[in-house]
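Asker: Would you mind keeping the following structure in view while I ask a few things?
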Amino acid sequence: MDYREHSKDLLERKKSLTSAYAAIKNELLMLEEEESACKRFVSRAKADNSDTVDYNDRLINILVELDDCRFRKSVVERELRKIQTGLDSLDDYQRELIEYFYIEKQSGAADALMEKWFKERSSIYRDKSVALEQFTRSVYGVITL
């Protein structure tokens with residue numbers, strides 16, 4: 001098993017994971033507000049001796065959705081932490097290689113990096129491979145099994 005492929009996939013998903021994290025946080029806030037409102041309605045209905053079945057059913061559904069949302073948030077957080085751990089192990093040059101080639105997937109990345117870092121194309125690609133291996137070791141502990 002080549003963990004460099006896992007690293008590439010993880011890096012390619014960084015933008016979507018970041019977007020998902022923001023969306024999930026907003027969803028979680030809305031569900032928590034809905035949960036509070038539903039609990040207030042249940043309390044009022046009990047005080048008025050009204051039927052609380054509909055409110056209780058809705059509250060149960062909200063609690064299930066909250067649990068699912070929290071689970072999804074923890075999965076996304078874990079993935080983002082992996083990426084951050086890997087990126088933190090790199091120097092600025094290596095981080096930029098990873099960002100240009102795998103996260104941003106910029107066309108002409110090699111040319112831009114050659115100009116910025118005053119390196120030859122072969123050096124850029126060799127350094128990119130080294131950076132990916134270092135990232136992979138930082139995240140997964142191994143390169144291949």
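As shown in the structure tokens, the chain order sets the letters A, B, ...; within each chain, residues go from 1, and ligands are also counted from 1 in the order they appear.
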So which residues touch Val75 of chain A within 12 Å, counting only C-alpha atoms, skipping near sequence neighbours fewer than 5 positions away, as a PDB file with N, CA, C and O atoms, in the first residue's frame?
Answerer:
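Output (around.pdb):
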ATOM      1  N   LEU A  17     -12.964  19.994   2.232  1.00  0.00           N
ATOM      2  CA  LEU A  17     -13.071  19.726   3.671  1.00  0.00           C
ATOM      3  C   LEU A  17     -13.230  21.024   4.460  1.00  0.00           C
ATOM      4  O   LEU A  17     -14.021  21.091   5.413  1.00  0.00           O
ATOM      5  N   THR A  18     -12.518  22.059   4.055  1.00  0.00           N
ATOM      6  CA  THR A  18     -12.624  23.353   4.717  1.00  0.00           C
ATOM      7  C   THR A  18     -14.027  23.928   4.535  1.00  0.00           C
ATOM      8  O   THR A  18     -14.631  24.441   5.487  1.00  0.00           O
ATOM      9  N   ALA A  20     -16.737  22.165   3.862  1.00  0.00           N
ATOM     10  CA  ALA A  20     -17.650  21.287   4.600  1.00  0.00           C
ATOM     11  C   ALA A  20     -17.638  21.615   6.082  1.00  0.00           C
ATOM     12  O   ALA A  20     -18.691  21.628   6.737  1.00  0.00           O
ATOM     13  N   TYR A  21     -16.462  21.902   6.621  1.00  0.00           N
ATOM     14  CA  TYR A  21     -16.355  22.224   8.042  1.00  0.00           C
ATOM     15  C   TYR A  21     -17.190  23.464   8.380  1.00  0.00           C
ATOM     16  O   TYR A  21     -17.940  23.469   9.357  1.00  0.00           O
ATOM     17  N   ILE A  24     -20.922  22.545   8.119  1.00  0.00           N
ATOM     18  CA  ILE A  24     -21.349  21.686   9.231  1.00  0.00           C
ATOM     19  C   ILE A  24     -21.471  22.498  10.513  1.00  0.00           C
ATOM     20  O   ILE A  24     -22.404  22.294  11.301  1.00  0.00           O
ATOM     21  N   ASP A  68     -25.711  13.035  14.319  1.00  0.00           N
ATOM     22  CA  ASP A  68     -25.112  12.813  13.008  1.00  0.00           C
ATOM     23  C   ASP A  68     -24.209  13.979  12.613  1.00  0.00           C
ATOM     24  O   ASP A  68     -23.097  13.785  12.113  1.00  0.00           O
ATOM     25  N   CYS A  69     -24.662  15.189  12.849  1.00  0.00           N
ATOM     26  CA  CYS A  69     -23.912  16.385  12.497  1.00  0.00           C
ATOM     27  C   CYS A  69     -22.606  16.454  13.302  1.00  0.00           C
ATOM     28  O   CYS A  69     -21.544  16.775  12.750  1.00  0.00           O
ATOM     29  N   ARG A  70     -22.661  16.141  14.564  1.00  0.00           N
ATOM     30  CA  ARG A  70     -21.457  16.146  15.404  1.00  0.00           C
ATOM     31  C   ARG A  70     -20.462  15.085  14.942  1.00  0.00           C
ATOM     32  O   ARG A  70     -19.248  15.310  14.942  1.00  0.00           O
ATOM     33  N   LEU A  80      -8.847  17.435   8.609  1.00  0.00           N
ATOM     34  CA  LEU A  80      -8.172  18.735   8.552  1.00  0.00           C
ATOM     35  C   LEU A  80      -6.964  18.779   9.488  1.00  0.00           C
ATOM     36  O   LEU A  80      -5.945  19.393   9.164  1.00  0.00           O
ATOM     37  N   ARG A  81      -7.071  18.122  10.639  1.00  0.00           N
ATOM     38  CA  ARG A  81      -5.925  18.050  11.554  1.00  0.00           C
ATOM     39  C   ARG A  81      -4.777  17.264  10.931  1.00  0.00           C
ATOM     40  O   ARG A  81      -3.607  17.618  11.094  1.00  0.00           O
ATOM     41  N   LYS A  82      -5.107  16.192  10.217  1.00  0.00           N
ATOM     42  CA  LYS A  82      -4.072  15.421   9.526  1.00  0.00           C
ATOM     43  C   LYS A  82      -3.328  16.319   8.539  1.00  0.00           C
ATOM     44  O   LYS A  82      -2.098  16.315   8.495  1.00  0.00           O
TER      45      LYS A  82
END
Asker: Residues near segment 92-106 of chain A, anyone? I mean within 12 Å using only C-alpha atoms, not counting same-chain ones fewer than 5 positions away, as a PyMOL selection string.
Answerer: chain A and resi 4-18+83-87+111-114+116-119+123-136
Asker: Ranking A:Ala37, A:Ile62, A:Met1, A:Val42 by minimum distance to Leu145 of chain A and counting only C-alpha atoms, which one comes first?
Answerer: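 Of all the options, A:Met1 lies closest to Leu145 of chain A.
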Asker: DSSP on the backbone: what in segment 23-111 of chain A comes out alpha helix (DSSP H), as a PyMOL selection string?
Answerer: chain A and resi 23-47+53-88+92-98+109-111
Asker: So that I can see what lies close to Glu35 of chain A, please list as a list in words the residues with an atom at most 12 Å from it, counting only C-alpha atoms and leaving out residues fewer than 4 positions away in the same chain.
Answerer: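 In the requested format, the answer is Leu28, Leu29, Met30, Leu31, Lys39, Arg40, Phe41, Val42, Tyr55, Asn56, Asp57, Arg58, Leu59, Ile60, Asn61, Ile62, Leu63, Val64, Glu65, Leu66 and Asp67 of chain A.
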Asker: How many Å separate atom CA of Ser122 of chain A from atom CA of Ser107 of chain A?
Answerer: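 Separating atom CA of Ser122 of chain A from atom CA of Ser107 of chain A is a distance of 16.7 Å.
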Asker: Between A:Thr144, A:Lys25, A:Asp48, A:Gly108, which has the minimum distance to Phe71 of chain A (counting only C-alpha atoms)?
Answerer: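 Closest residue, counting only C-alpha atoms: A:Lys25.
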Asker: To one decimal place, how far is atom CA of Ala109 of chain A from atom CA of Glu77 of chain A in Å?
Answerer: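 These atoms are spaced 28.3 Å apart.
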Asker: So which one's closest to Ser138 of chain A, A:Glu79, A:Asp54, A:Asp88, A:Glu32? Using only C-alpha atoms, please.
Answerer: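 Going through A:Glu79, A:Asp54, A:Asp88, A:Glu32 one by one, the smallest distance to Ser138 of chain A is for A:Asp88.
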